[in-house]
Amino acid sequence: MLSKLVAEFGELPVSQKVLLVAAGVGSIAMLSAGGYLVKKRIDNTPPKQWRKAGELAELYVYPIKSCAPVVMQQIDCADLGPQRNFLRDRIFMVTNADGKFVTARMKPKLVLVQPRFDERYETMFLTAPGMPELRVDVRTLAAGPSEGGETIRSTVWGEQVPTVDCGNEVARWFSRYLLDKEDGYRLRYYPLTYTSRQRNGGDTGSLQDETSYMLFNESSVADLNRRLENKVTVLQFRPNFTVRGPEPYAEDRWRWVRIGEVVFRMEKPCLRCVFTTIDPTSGVFHPDKEPLRTLKQYRQLPSCGESPAFGIHLGLRRAGEIKLGDPVYFA
């Protein structure tokens with residue numbers, strides 16, 4: 001290809017031909033890069049016209065990956081996800097001794113671990129069936145590794161992330177609860193205030209599966225329940241935001257979402273797996289794999305393969321505070 005381009009410049013010395021070709025190739029590359037940046041800026045520019053969808057009905061933060069949520073009245077929206085001081089979404093995760101993440105897909109009893117925070121959102125307390133209450137000083141963990149310690153690499157969905165180990169007492173608590181042993185599992189904390197993840201263009205946050213925020217439509221689960229013998233709740237699907245007002249599955253068509261003055265871009269549908277078959281009140285898998293089996297009968301979208309879509313993943317584009325009852329808009 002290069003030799004053909006050089007030949008186009010006729011009687012010029014070969015060295016000048018090469019320089020002219022190189023300049024042309026460089027210009028094309030610069031134009032392509034410029035076009036990409038312009039497109040990216042346009043894609044991330046919020047619309048000016050909005051339509052009201054409903055209101056924010058429920059608000060959840062999940063401090064520990066796969067564990068129960070903290071129900072909130074208001075939160076701050078940051079790049080890592082919903083937060084209130086040191087209460088942050090999916091900022092902790094259980095790992096094995098090698099640092100590989102452990103979820104309720106492997107240990108469904110994790111959904112029964114219930115976090116709560118003190119009024120300053122600096123200290124976390126954990127309870128679980130048959131276990132004493134455990135105290136975790138999150139403020140100290142956020143300050144970084146203890147003296148003589150260091151940041152430890154942990155693995156979540158194949159990505160290496162920096163973490164801080166929460167100590168032997170916490171490790172024994174989780175190991176006893178999940179393994180009936182004195183060791184085997186650890187609790188790790190993500191210490192950064194920005195994402196180190198490459199998944200989903202930097203919208204994945206700290207330790208989340210896909211993005212930092214997931215929105216769910218209340219009427220979508222109502223429509224699903226009309227098809228089920230054993231009804232499910234919104235918590236079976238672990239959203240951050242539940243919206244009241246839109247028709248079932250209206251969120252499939254939303255490209256942008258605004259809650260109050262906080263703006264999100266819809267990144268992708270939320271694809272559902274076996275996690276949805278864990279009862280959040282018992283920590284037991286449904287014997288007939290419901291509601292996943294029913295969802296597969298009518299919620300397999302053409303672009304999403306065999307996994308049914310239910311809810312949407314969001315990427316934050318304008319930060320701020322939101323609270324229950326805030327109007328929800330879409331574009």
# chains A, B, ... in the order shown; residues from 1 in each chain; ligands from 1
$ residues_around --residues "Arg318 (chain A)" --least-positions-apart "5" --cutoff "9 Å" --atoms "only C-alpha atoms" --output "PyMOL selection string"
chain A and resi 46+77-78+261-264
$ write_last_selection --atoms "N, CA and C atoms" --output "mmCIF file, in the first residue's frame"
data_model
loop_
_atom_site.group_PDB
_atom_site.id
_atom_site.type_symbol
_atom_site.label_atom_id
_atom_site.label_comp_id
_atom_site.auth_asym_id
_atom_site.auth_seq_id
_atom_site.Cartn_x
_atom_site.Cartn_y
_atom_site.Cartn_z
ATOM 1 N N PRO A 46 -25.810 15.910 27.581
ATOM 2 C CA PRO A 46 -27.220 15.680 27.951
ATOM 3 C C PRO A 46 -28.167 16.441 27.039
ATOM 4 N N CYS A 77 -24.630 11.415 44.448
ATOM 5 C CA CYS A 77 -24.248 10.633 43.276
ATOM 6 C C CYS A 77 -22.846 11.040 42.840
ATOM 7 N N ALA A 78 -21.912 10.094 42.904
ATOM 8 C CA ALA A 78 -20.532 10.309 42.502
ATOM 9 C C ALA A 78 -20.159 9.252 41.465
ATOM 10 N N GLU A 261 -31.878 16.976 39.570
ATOM 11 C CA GLU A 261 -30.956 17.643 38.652
ATOM 12 C C GLU A 261 -29.755 16.768 38.310
ATOM 13 N N VAL A 262 -29.755 15.531 38.757
ATOM 14 C CA VAL A 262 -28.646 14.606 38.495
ATOM 15 C C VAL A 262 -28.926 13.861 37.190
ATOM 16 N N VAL A 263 -27.924 13.807 36.311
ATOM 17 C CA VAL A 263 -28.126 13.271 34.962
ATOM 18 C C VAL A 263 -27.313 12.000 34.752
ATOM 19 N N PHE A 264 -27.954 11.020 34.127
ATOM 20 C CA PHE A 264 -27.318 9.749 33.798
ATOM 21 C C PHE A 264 -27.551 9.438 32.328
#
$ residues_around --residues "His286 (chain A)" --least-positions-apart "3" --cutoff "12 Å" --atoms "only C-alpha atoms" --output "list in words"
Pro108, Asn230, Lys231, Val232, Gln236, Val274, Phe275, Thr276, Thr277, Ile278, Asp279, Pro280, Thr281, Ser282, Gly283, Lys289, Glu290, Pro291, Leu292 and Arg293 of chain A
$ write_last_selection --atoms "C-alpha atoms" --output "mmCIF file, in the first residue's frame"
data_model
loop_
_atom_site.group_PDB
_atom_site.id
_atom_site.type_symbol
_atom_site.label_atom_id
_atom_site.label_comp_id
_atom_site.auth_asym_id
_atom_site.auth_seq_id
_atom_site.Cartn_x
_atom_site.Cartn_y
_atom_site.Cartn_z
ATOM 1 C CA PRO A 108 -26.346 -17.463 48.477
ATOM 2 C CA ASN A 230 -44.613 -17.162 43.757
ATOM 3 C CA LYS A 231 -44.362 -13.369 43.688
ATOM 4 C CA VAL A 232 -41.038 -11.539 43.854
ATOM 5 C CA GLN A 236 -34.749 -9.684 44.018
ATOM 6 C CA VAL A 274 -29.060 -17.046 38.468
ATOM 7 C CA PHE A 275 -28.678 -14.366 41.169
ATOM 8 C CA THR A 276 -32.331 -13.420 40.595
ATOM 9 C CA THR A 277 -33.385 -16.885 41.780
ATOM 10 C CA ILE A 278 -32.036 -16.283 45.312
ATOM 11 C CA ASP A 279 -34.773 -15.355 47.787
ATOM 12 C CA PRO A 280 -33.460 -12.218 49.579
ATOM 13 C CA THR A 281 -35.362 -13.174 52.758
ATOM 14 C CA SER A 282 -34.122 -16.798 53.029
ATOM 15 C CA GLY A 283 -30.857 -16.886 51.090
ATOM 16 C CA LYS A 289 -35.063 -21.266 38.879
ATOM 17 C CA GLU A 290 -37.760 -18.610 39.070
ATOM 18 C CA PRO A 291 -38.152 -15.817 38.148
ATOM 19 C CA LEU A 292 -35.275 -16.340 35.674
ATOM 20 C CA ARG A 293 -37.075 -19.109 33.812
#
$ select_by_dssp --residues "region 60-127 of chain A" --states "helix (DSSP H, G or I)" --output "JSON, numbers by chain"
{"A": [108, 109, 110, 111, 112]}
$ atom_distance --atom1 "CA of Phe117 (chain A)" --atom2 "CA of Leu87 (chain A)"
7.4 Å
$ residues_around --residues "Thr155 (chain A)" --least-positions-apart "6" --cutoff "9 Å" --atoms "only C-alpha atoms" --output "MDAnalysis selection string"
chainID A and resid 95 98:101 161:162
$ residues_around --residues "Gly260 (chain A)" --least-positions-apart "2" --cutoff "10 Å" --atoms "only C-alpha atoms" --output "number ranges by chain"
A: 55-56, 257-258, 262-263, 320-329
$ write_last_selection --atoms "C-alpha atoms" --output "compact mmCIF listing (two decimals), in the first residue's frame"
# COMPACT_ATOMS: atom_id res chain seq x y z
CA GLU A 55 -40.86 9.77 40.71
CA LEU A 56 -38.12 8.09 42.69
CA VAL A 257 -32.33 9.70 32.71
CA ARG A 258 -32.55 12.70 35.04
CA VAL A 262 -28.65 14.61 38.50
CA VAL A 263 -28.13 13.27 34.96
CA GLY A 320 -25.42 15.88 42.71
CA GLU A 321 -27.80 14.85 45.47
CA ILE A 322 -31.08 13.02 45.02
CA LYS A 323 -33.83 12.05 47.45
CA LEU A 324 -36.99 9.99 47.57
CA GLY A 325 -39.87 11.66 45.74
CA ASP A 326 -37.63 13.48 43.27
CA PRO A 327 -39.12 13.67 39.76
CA VAL A 328 -37.63 11.28 37.22
CA TYR A 329 -37.29 12.40 33.61
$ decode --residues "region 248-263 of chain A" --atoms "N, CA, C and O atoms" --output "PDB file, in the first residue's frame"
ATOM      1  N   PRO A 248     -44.862  -0.650  32.203  1.00  0.00           N
ATOM      2  CA  PRO A 248     -43.846  -1.700  32.264  1.00  0.00           C
ATOM      3  C   PRO A 248     -42.862  -1.630  31.088  1.00  0.00           C
ATOM      4  O   PRO A 248     -43.268  -1.425  29.938  1.00  0.00           O
ATOM      5  N   TYR A 249     -41.579  -1.726  31.423  1.00  0.00           N
ATOM      6  CA  TYR A 249     -40.487  -1.798  30.449  1.00  0.00           C
ATOM      7  C   TYR A 249     -40.297  -0.525  29.625  1.00  0.00           C
ATOM      8  O   TYR A 249     -39.590  -0.528  28.618  1.00  0.00           O
ATOM      9  N   ALA A 250     -40.907   0.569  30.054  1.00  0.00           N
ATOM     10  CA  ALA A 250     -40.696   1.843  29.359  1.00  0.00           C
ATOM     11  C   ALA A 250     -39.221   2.211  29.364  1.00  0.00           C
ATOM     12  O   ALA A 250     -38.719   2.839  28.423  1.00  0.00           O
ATOM     13  N   GLU A 251     -38.502   1.802  30.413  1.00  0.00           N
ATOM     14  CA  GLU A 251     -37.081   2.146  30.539  1.00  0.00           C
ATOM     15  C   GLU A 251     -36.218   1.572  29.431  1.00  0.00           C
ATOM     16  O   GLU A 251     -35.096   2.033  29.196  1.00  0.00           O
ATOM     17  N   ASP A 252     -36.701   0.546  28.744  1.00  0.00           N
ATOM     18  CA  ASP A 252     -35.951  -0.021  27.619  1.00  0.00           C
ATOM     19  C   ASP A 252     -35.639   1.041  26.574  1.00  0.00           C
ATOM     20  O   ASP A 252     -34.623   0.956  25.873  1.00  0.00           O
ATOM     21  N   ARG A 253     -36.500   2.033  26.448  1.00  0.00           N
ATOM     22  CA  ARG A 253     -36.376   3.030  25.380  1.00  0.00           C
ATOM     23  C   ARG A 253     -35.700   4.325  25.840  1.00  0.00           C
ATOM     24  O   ARG A 253     -35.532   5.249  25.032  1.00  0.00           O
ATOM     25  N   TRP A 254     -35.329   4.411  27.101  1.00  0.00           N
ATOM     26  CA  TRP A 254     -34.707   5.637  27.600  1.00  0.00           C
ATOM     27  C   TRP A 254     -33.227   5.663  27.230  1.00  0.00           C
ATOM     28  O   TRP A 254     -32.480   4.720  27.510  1.00  0.00           O
ATOM     29  N   ARG A 255     -32.796   6.755  26.644  1.00  0.00           N
ATOM     30  CA  ARG A 255     -31.359   6.935  26.353  1.00  0.00           C
ATOM     31  C   ARG A 255     -30.688   7.763  27.460  1.00  0.00           C
ATOM     32  O   ARG A 255     -29.504   7.621  27.716  1.00  0.00           O
ATOM     33  N   TRP A 256     -31.464   8.659  28.058  1.00  0.00           N
ATOM     34  CA  TRP A 256     -30.982   9.516  29.143  1.00  0.00           C
ATOM     35  C   TRP A 256     -31.983   9.488  30.289  1.00  0.00           C
ATOM     36  O   TRP A 256     -33.188   9.335  30.057  1.00  0.00           O
ATOM     37  N   VAL A 257     -31.479   9.654  31.512  1.00  0.00           N
ATOM     38  CA  VAL A 257     -32.325   9.700  32.706  1.00  0.00           C
ATOM     39  C   VAL A 257     -31.884  10.877  33.570  1.00  0.00           C
ATOM     40  O   VAL A 257     -30.676  11.099  33.756  1.00  0.00           O
ATOM     41  N   ARG A 258     -32.850  11.622  34.089  1.00  0.00           N
ATOM     42  CA  ARG A 258     -32.546  12.701  35.035  1.00  0.00           C
ATOM     43  C   ARG A 258     -33.395  12.490  36.278  1.00  0.00           C
ATOM     44  O   ARG A 258     -34.613  12.324  36.190  1.00  0.00           O
ATOM     45  N   ILE A 259     -32.747  12.468  37.443  1.00  0.00           N
ATOM     46  CA  ILE A 259     -33.451  12.372  38.720  1.00  0.00           C
ATOM     47  C   ILE A 259     -33.163  13.661  39.475  1.00  0.00           C
ATOM     48  O   ILE A 259     -32.028  13.914  39.866  1.00  0.00           O
ATOM     49  N   GLY A 260     -34.193  14.489  39.672  1.00  0.00           N
ATOM     50  CA  GLY A 260     -33.934  15.834  40.182  1.00  0.00           C
ATOM     51  C   GLY A 260     -33.085  16.570  39.157  1.00  0.00           C
ATOM     52  O   GLY A 260     -33.473  16.730  38.010  1.00  0.00           O
ATOM     53  N   GLU A 261     -31.878  16.976  39.570  1.00  0.00           N
ATOM     54  CA  GLU A 261     -30.956  17.643  38.652  1.00  0.00           C
ATOM     55  C   GLU A 261     -29.755  16.768  38.310  1.00  0.00           C
ATOM     56  O   GLU A 261     -28.824  17.224  37.639  1.00  0.00           O
ATOM     57  N   VAL A 262     -29.755  15.531  38.757  1.00  0.00           N
ATOM     58  CA  VAL A 262     -28.646  14.606  38.495  1.00  0.00           C
ATOM     59  C   VAL A 262     -28.926  13.861  37.190  1.00  0.00           C
ATOM     60  O   VAL A 262     -30.024  13.336  36.985  1.00  0.00           O
ATOM     61  N   VAL A 263     -27.924  13.807  36.311  1.00  0.00           N
ATOM     62  CA  VAL A 263     -28.126  13.271  34.962  1.00  0.00           C
ATOM     63  C   VAL A 263     -27.313  12.000  34.752  1.00  0.00           C
ATOM     64  O   VAL A 263     -26.137  11.921  35.130  1.00  0.00           O
TER      65      VAL A 263
END
